[in-house]
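Visitor: Sharing model.txt, compact mmCIF, C-alpha atoms:
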```txt
# COMPACT_ATOMS: atom_id res chain seq x y z
CA MET J 1 -12.10 5.06 -25.11
CA PRO J 2 -13.72 2.81 -22.43
CA GLU J 3 -13.91 4.48 -19.05
CA TYR J 4 -14.68 3.47 -15.47
CA ARG J 5 -15.81 6.21 -13.12
CA PHE J 6 -16.59 6.10 -9.42
CA VAL J 7 -17.61 8.78 -6.94
CA ALA J 8 -18.12 7.80 -3.28
CA GLU J 9 -21.54 8.42 -1.76
CA GLY J 10 -21.82 11.93 -0.38
CA PHE J 11 -18.95 13.30 -2.49
CA GLU J 12 -20.92 13.91 -5.70
CA ASP J 13 -21.38 17.67 -5.18
CA ALA J 14 -17.84 18.24 -3.91
CA VAL J 15 -16.31 16.39 -6.88
CA ARG J 16 -18.52 18.24 -9.38
CA LYS J 17 -17.55 21.56 -7.79
CA PHE J 18 -13.85 20.65 -7.92
CA GLU J 19 -14.07 19.70 -11.62
CA GLU J 20 -15.95 22.89 -12.51
CA GLN J 21 -13.94 25.38 -10.48
CA LYS J 22 -10.45 23.96 -11.17
CA PRO J 23 -8.93 25.48 -7.99
CA GLU J 24 -5.32 26.55 -7.75
CA ALA J 25 -2.82 23.87 -6.70
CA GLU J 26 -0.74 24.30 -3.54
CA VAL J 27 1.97 21.76 -4.44
CA LYS J 28 2.69 19.69 -7.54
CA THR J 29 5.06 16.73 -7.81
CA GLN J 30 5.84 14.09 -10.39
CA PHE J 31 7.61 10.77 -10.24
CA VAL J 32 8.82 8.44 -13.01
CA ILE J 33 7.82 4.76 -12.68
CA PRO J 34 10.12 2.45 -14.71
CA GLU J 35 8.83 -0.86 -16.09
CA LYS J 36 9.29 -3.91 -13.81
CA ASP J 37 11.65 -2.07 -11.45
CA PHE J 38 10.55 -3.33 -8.06
CA ASN J 39 13.40 -1.61 -6.26
CA THR J 40 12.05 1.80 -7.24
CA ALA J 41 8.34 0.94 -7.31
CA GLY J 42 6.58 2.43 -4.32
CA LYS J 43 9.11 5.22 -3.71
CA GLY J 44 6.86 7.83 -5.30
CA SER J 45 4.00 6.94 -2.95
CA SER J 46 6.34 6.84 -0.01
CA GLU J 47 7.62 10.38 -0.81
CA LEU J 48 4.07 11.60 -1.34
CA LYS J 49 3.05 10.29 2.07
CA ASN J 50 6.01 12.05 3.72
CA LEU J 51 5.10 15.33 2.01
CA LEU J 52 1.46 15.11 3.15
CA LYS J 53 2.55 14.14 6.66
CA ARG J 54 4.58 17.36 6.84
CA LEU J 55 1.48 19.25 5.69
CA GLY J 56 -0.40 17.80 8.68
CA VAL J 57 -2.84 15.42 6.98
CA ASP J 58 -4.62 13.03 9.40
CA SER J 59 -2.92 9.61 9.74
CA VAL J 60 -5.90 7.48 8.61
CA VAL J 61 -6.39 9.67 5.52
CA LEU J 62 -2.63 9.51 4.92
CA ARG J 63 -2.72 5.71 4.89
CA ARG J 64 -5.65 5.70 2.43
CA ILE J 65 -3.80 8.06 0.07
CA ALA J 66 -0.57 6.06 0.34
CA VAL J 67 -2.30 2.71 -0.28
CA ALA J 68 -4.27 3.96 -3.31
CA SER J 69 -1.15 5.59 -4.74
CA TYR J 70 1.07 2.56 -4.04
CA GLU J 71 -1.37 0.12 -5.68
CA ALA J 72 -1.48 2.34 -8.77
CA GLU J 73 2.30 2.74 -8.82
CA ILE J 74 2.75 -1.06 -8.62
CA ASN J 75 0.19 -1.51 -11.42
CA VAL J 76 2.22 0.79 -13.69
CA ALA J 77 5.49 -1.03 -12.84
CA ALA J 78 3.99 -4.52 -13.12
CA HIS J 79 1.69 -4.21 -16.13
CA SER J 80 2.91 -1.35 -18.35
CA LYS J 81 6.00 -0.21 -20.22
CA GLY J 82 6.47 2.43 -17.54
CA GLY J 83 4.76 5.69 -16.75
CA ILE J 84 4.55 8.83 -14.65
CA MET J 85 2.75 9.66 -11.43
CA TYR J 86 1.53 13.28 -11.09
CA SER J 87 0.35 14.46 -7.66
CA THR J 88 -1.39 17.76 -7.09
CA VAL J 89 -2.15 18.92 -3.58
CA TYR J 90 -5.01 21.39 -3.06
CA ASP J 91 -6.25 23.11 0.05
CA ASP J 92 -8.70 20.33 1.00
CA LEU J 93 -7.82 17.34 -1.20
CA ILE J 94 -5.23 15.53 -3.25
CA HIS J 95 -5.47 14.57 -6.91
CA VAL J 96 -3.13 11.83 -8.15
CA ARG J 97 -2.90 10.89 -11.83
CA PHE J 98 -1.01 8.00 -13.43
CA GLU J 99 -0.25 7.85 -17.15
CA ASP J 100 1.59 4.91 -18.66
CA GLU J 101 3.04 3.91 -22.03
CA GLY J 102 0.57 1.06 -22.62
CA PRO J 103 -0.21 -1.67 -23.65
CA GLY J 104 -3.59 -0.84 -22.08
CA ILE J 105 -6.38 -2.80 -20.41
CA ALA J 106 -8.50 -4.96 -22.74
CA ASN J 107 -11.50 -5.20 -20.41
CA ILE J 108 -11.88 -2.56 -17.70
CA GLU J 109 -14.93 -4.19 -16.04
CA GLN J 110 -12.97 -7.43 -15.65
CA ALA J 111 -9.91 -5.57 -14.31
CA MET J 112 -12.12 -3.96 -11.64
CA THR J 113 -13.39 -7.37 -10.43
CA PRO J 114 -11.76 -8.31 -7.08
CA GLY J 115 -9.54 -11.38 -7.57
CA TYR J 116 -9.04 -10.97 -11.32
CA SER J 117 -5.35 -10.61 -12.20
CA THR J 118 -3.11 -10.84 -15.27
CA ALA J 119 0.11 -10.61 -13.22
CA ASP J 120 3.04 -12.75 -14.47
CA ASP J 121 5.11 -15.18 -12.36
CA LEU J 122 7.81 -12.62 -11.47
CA VAL J 123 5.21 -10.23 -10.11
CA ARG J 124 3.36 -12.99 -8.23
CA GLU J 125 6.56 -14.24 -6.57
CA LEU J 126 6.94 -10.81 -4.97
CA GLY J 127 3.49 -11.13 -3.37
CA PHE J 128 1.54 -9.09 -5.91
CA GLY J 129 -1.18 -10.38 -8.23
CA ALA J 130 -3.99 -10.81 -5.69
CA GLY J 131 -6.28 -9.07 -8.16
CA LEU J 132 -7.06 -6.41 -5.57
CA GLY J 133 -5.06 -3.46 -6.90
CA LEU J 134 -7.82 -1.54 -8.66
CA PRO J 135 -10.50 -2.52 -6.08
CA ASN J 136 -8.15 -1.29 -3.32
CA ILE J 137 -7.71 2.05 -5.14
CA LYS J 138 -11.49 2.41 -5.42
CA LYS J 139 -12.01 1.45 -1.76
CA ASN J 140 -9.60 4.13 -0.54
CA SER J 141 -10.62 6.94 -2.93
CA ASP J 142 -13.42 9.48 -2.81
CA ALA J 143 -13.46 9.58 -6.62
CA MET J 144 -11.66 7.55 -9.26
CA ARG J 145 -11.49 7.44 -13.06
CA LEU J 146 -9.80 4.83 -15.25
CA VAL J 147 -9.50 5.22 -19.02
CA SER J 148 -7.92 2.53 -21.17
CA ALA J 149 -8.24 0.18 -24.15
CA ALA J 150 -6.12 -2.64 -25.60
CA GLY J 151 -3.16 -1.12 -27.47
CA SER J 152 -3.49 2.29 -25.76
CA CYS J 153 -2.00 4.10 -22.81
CA THR J 154 -3.81 3.81 -19.48
CA LYS J 155 -4.82 6.85 -17.44
CA LEU J 156 -5.91 6.46 -13.85
CA GLU J 157 -6.73 9.31 -11.47
CA PHE J 158 -8.19 9.58 -8.01
CA LEU J 159 -9.23 12.24 -5.52
CA ILE J 160 -9.06 11.95 -1.75
CA TYR J 161 -10.36 14.69 0.57
CA PHE J 162 -8.39 15.46 3.72
CA ALA J 163 -11.53 15.75 5.85
CA LYS J 164 -14.99 14.20 5.76
CA ILE J 165 -17.51 16.22 3.72
CA SER J 166 -20.42 17.19 5.98
CA MET U 1 1.65 -7.41 24.85
CA ILE U 2 4.99 -5.80 24.16
CA LEU U 3 7.27 -6.88 21.33
CA SER U 4 9.82 -8.61 23.58
CA ASP U 5 7.06 -10.90 25.01
CA LEU U 6 6.13 -11.81 21.44
CA VAL U 7 9.74 -12.65 20.56
CA THR U 8 9.87 -15.05 23.54
CA LEU U 9 6.49 -16.63 22.69
CA LEU U 10 7.44 -17.26 19.05
CA GLU U 11 11.04 -18.26 19.93
CA GLY U 12 12.00 -15.55 17.49
CA GLU U 13 15.30 -14.01 16.47
CA VAL U 14 15.49 -10.22 16.21
CA LEU U 15 17.23 -9.36 12.93
CA PHE U 16 19.02 -6.16 13.91
CA PRO U 17 20.32 -5.44 17.40
CA GLU U 18 19.02 -1.91 18.08
CA ALA U 19 15.35 -2.77 17.44
CA ASP U 20 12.90 -1.21 19.89
CA LEU U 21 11.32 -4.22 21.64
CA ASP U 22 9.39 -2.18 24.20
CA ARG U 23 6.75 -1.28 21.62
CA GLU U 24 3.20 -2.15 22.57
CA VAL U 25 1.53 -4.50 20.06
CA PRO U 26 -2.24 -3.90 20.04
CA CYS U 27 -3.24 -6.09 17.07
CA ALA U 28 -1.96 -8.27 14.23
CA PHE U 29 -2.54 -9.19 10.59
CA ALA U 30 -1.19 -12.22 8.70
CA SER U 31 -0.87 -12.65 4.92
CA ASP U 32 1.52 -13.48 2.09
CA MET U 33 -0.17 -11.14 -0.39
CA ILE U 34 0.68 -7.46 -0.55
CA SER U 35 -2.77 -6.22 -1.54
CA ASP U 36 -4.27 -8.10 1.43
CA ILE U 37 -1.79 -6.45 3.79
CA LEU U 38 -2.73 -3.05 2.35
CA MET U 39 -6.24 -3.52 3.75
CA CYS U 40 -4.82 -2.44 7.13
CA THR U 41 -5.42 1.30 6.83
CA LYS U 42 -7.39 1.81 10.06
CA GLU U 43 -4.72 1.34 12.75
CA PRO U 44 -1.03 0.50 13.25
CA THR U 45 -0.52 -3.28 13.28
CA LEU U 46 1.97 -6.14 13.65
CA LEU U 47 2.47 -8.06 10.39
CA LEU U 48 3.14 -11.82 10.15
CA THR U 49 4.25 -12.90 6.67
CA GLY U 50 6.34 -15.27 4.59
CA LEU U 51 7.28 -12.52 2.14
CA THR U 52 10.85 -11.29 2.55
CA ASN U 53 11.42 -8.96 -0.44
CA ASN U 54 12.05 -5.21 -0.19
CA GLN U 55 8.41 -4.34 -1.00
CA VAL U 56 7.35 -5.75 2.39
CA ILE U 57 9.48 -3.12 4.10
CA ARG U 58 8.23 -0.46 1.67
CA LEU U 59 4.68 -1.34 2.79
CA SER U 60 5.57 0.16 6.16
CA ASP U 61 5.91 3.53 4.40
CA MET U 62 2.24 3.26 3.34
CA ILE U 63 0.51 1.64 6.31
CA ASP U 64 1.84 1.84 9.86
CA LEU U 65 3.55 -1.41 10.85
CA ILE U 66 4.68 -1.89 14.46
CA ALA U 67 6.97 -4.78 13.51
CA ILE U 68 7.23 -7.63 10.99
CA VAL U 69 7.51 -11.33 11.90
CA PHE U 70 8.89 -13.53 9.11
CA VAL U 71 7.49 -17.04 9.53
CA ARG U 72 8.57 -20.57 8.45
CA GLY U 73 12.23 -19.77 9.18
CA LYS U 74 12.48 -17.15 6.45
CA LYS U 75 15.15 -14.50 6.65
CA PRO U 76 15.38 -11.52 4.30
CA LEU U 77 18.61 -10.55 2.52
CA GLN U 78 20.97 -8.04 4.18
CA ASP U 79 19.81 -5.07 2.04
CA VAL U 80 16.22 -5.69 3.14
CA ILE U 81 17.31 -5.90 6.80
CA GLU U 82 19.10 -2.55 6.31
CA MET U 83 15.93 -0.99 4.85
CA ALA U 84 14.07 -2.00 8.03
CA GLU U 85 16.88 -0.69 10.21
CA GLU U 86 16.83 2.70 8.42
CA ARG U 87 13.12 2.96 9.22
CA GLY U 88 13.52 1.79 12.83
CA LEU U 89 11.12 -1.05 12.02
CA PRO U 90 11.78 -4.11 14.20
CA ILE U 91 11.95 -7.36 12.18
CA ILE U 92 11.89 -10.83 13.69
CA THR U 93 12.23 -14.31 12.21
CA THR U 94 10.71 -17.49 13.67
CA LYS U 95 10.81 -21.11 12.57
CA PHE U 96 7.10 -21.51 13.42
CA THR U 97 4.48 -21.58 10.64
CA LEU U 98 2.08 -18.70 9.98
CA TYR U 99 -0.78 -20.78 11.42
CA ARG U 100 1.11 -21.66 14.60
CA CYS U 101 2.28 -18.07 15.18
CA SER U 102 -1.24 -16.75 14.70
CA GLY U 103 -2.65 -19.37 17.10
CA LEU U 104 -0.05 -18.67 19.79
CA LEU U 105 -0.55 -14.90 19.60
CA TYR U 106 -4.35 -15.16 19.51
CA ASN U 107 -4.31 -17.40 22.59
CA ALA U 108 -2.11 -14.86 24.33
CA GLY U 109 -4.86 -12.25 23.78
CA LEU U 110 -3.59 -10.44 20.69
CA ARG U 111 -6.58 -9.31 18.65
CA SER U 112 -7.04 -9.06 14.91
CA CYS U 113 -6.29 -5.72 13.21
CA LYS U 114 -9.39 -3.73 12.12
CA ILE U 115 -9.79 -3.67 8.35
```
For the file at hand, write its structure as structure tokens.

Guide:
Amino acid sequence: MPEYRFVAEGFEDAVRKFEEQKPEAEVKTQFVIPEKDFNTAGKGSSELKNLLKRLGVDSVVLRRIAVASYEAEINVAAHSKGGIMYSTVYDDLIHVRFEDEGPGIANIEQAMTPGYSTADDLVRELGFGAGLGLPNIKKNSDAMRLVSAAGSCTKLEFLIYFAKIS
Amino acid sequence: MILSDLVTLLEGEVLFPEADLDREVPCAFASDMISDILMCTKEPTLLLTGLTNNQVIRLSDMIDLIAIVFVRGKKPLQDVIEMAEERGLPIITTKFTLYRCSGLLYNAGLRSCKI
């Protein structure tokens, strides 16, 4: 299946190590995202931010995690038949994964282009549909992976480290 | 500038009575698109917008908003006002346009939020 992968400069070794070693998770949570439910959409990210705040994560990093997660959560609500958000907190980073029920992204490269949007009128009226969702997730993540095709489910995951890698 | 000065300058109406108007406002951002607003991850900011749905309040769970000013005379529904109240997030409405509000605040020395 077509895939888009991004690792921020300087994080290549850390991400490779994380993928190889598969460390033990500290906390795991999951949250259901119903289709086109803009009363619920965003609650998962809001709860995740509160959890990380209690764990003492720095406020700028917290905002980056919350924004990336919120954009992904809105994408699932706005563009798919619904899905689930899985968050796994490790000692030094968070991994968030979104899996939806389709209908998938026909052209991943196009979807990653800032300003490109397939949002419908309902979604646009609420202030979404700027075509910046996926670019915003990339901008705030240290690593990101998006797997999708027309007619399939979409999987999106990202990693954000709690501290700068020296 | 503190929030109460801003309310006077914009001839605004505070939408719930117990709002904390002594908050210092260091910077501002103005947009009607949610993804644009989510660019403000570097510092807490004032938001000026014409959006009045519940997702605008939910944004304040993600980025740190000092207060929200609804422009062009817009007023959110009661359940949205209550969401702001629960969060202790001051919300203000003004009849001025987004352009006019931005100009007035900029002239009064309020800088743009870092993005």

Visitor: Any idea what's packed within 12 Å of segment 125-130 of chain J, counting only C-alpha atoms, ignoring anything in its chain fewer than 4 positions away? Could you give it as a ChimeraX atom specification?

Guide: /J:36-39,70-71,74-75,77-79,111,113-121,134-136 /U:31-38,49-56,59

Visitor: Name the closest residue to chain J among the candidates U:Ala28, U:Ile57, U:Met62, U:Met1; distances are taken between atoms, counting only C-alpha atoms.

Guide: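 Checking each of U:Ala28, U:Ile57, U:Met62, U:Met1 against chain J, counting only C-alpha atoms, the winner is U:Met62.
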
Visitor: Which residue out of U:Val25, U:Cys101, U:Ile66, U:Leu46 has the minimum interatomic distance to Glu11 of chain U when all atoms listed in the file are used?

Guide: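 Of all the options, U:Cys101 lies closest to Glu11 of chain U.
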
Visitor: Show me, as a ChimeraX atom specification, the residues that have an atom within 9 Å of Val89 of chain J when counting all atoms listed in the file, minus same-chain residues fewer than 3 positions from it.

Guide: /J:25-29,52,92-96

Visitor: Please report as a Markdown table every residue of chain J lying within 6 Å of chain U, along with the nearest atom pair and their distance in Å (one decimal), using only C-alpha atoms.

Guide:
```
| residue | atom | partner | partner_atom | distance |
| --- | --- | --- | --- | --- |
| J:Ser46 | CA | U:Asp61 | CA | 5.5 |
| J:Arg63 | CA | U:Ile63 | CA | 5.4 |
| J:Ala66 | CA | U:Met62 | CA | 5.0 |
| J:Val67 | CA | U:Met62 | CA | 5.8 |
| J:Gly127 | CA | U:Met33 | CA | 4.7 |
| J:Phe128 | CA | U:Ile34 | CA | 5.7 |
| J:Leu132 | CA | U:Ser35 | CA | 5.9 |
```

Visitor: Near Asp22 of chain U, counting all atoms listed in the file, which residues have an atom at most 12 Å away, once you skip same-chain residues fewer than 6 positions from it, shown as an MDAnalysis selection string?

Guide: chainID U and resid 1:7 66:67 90
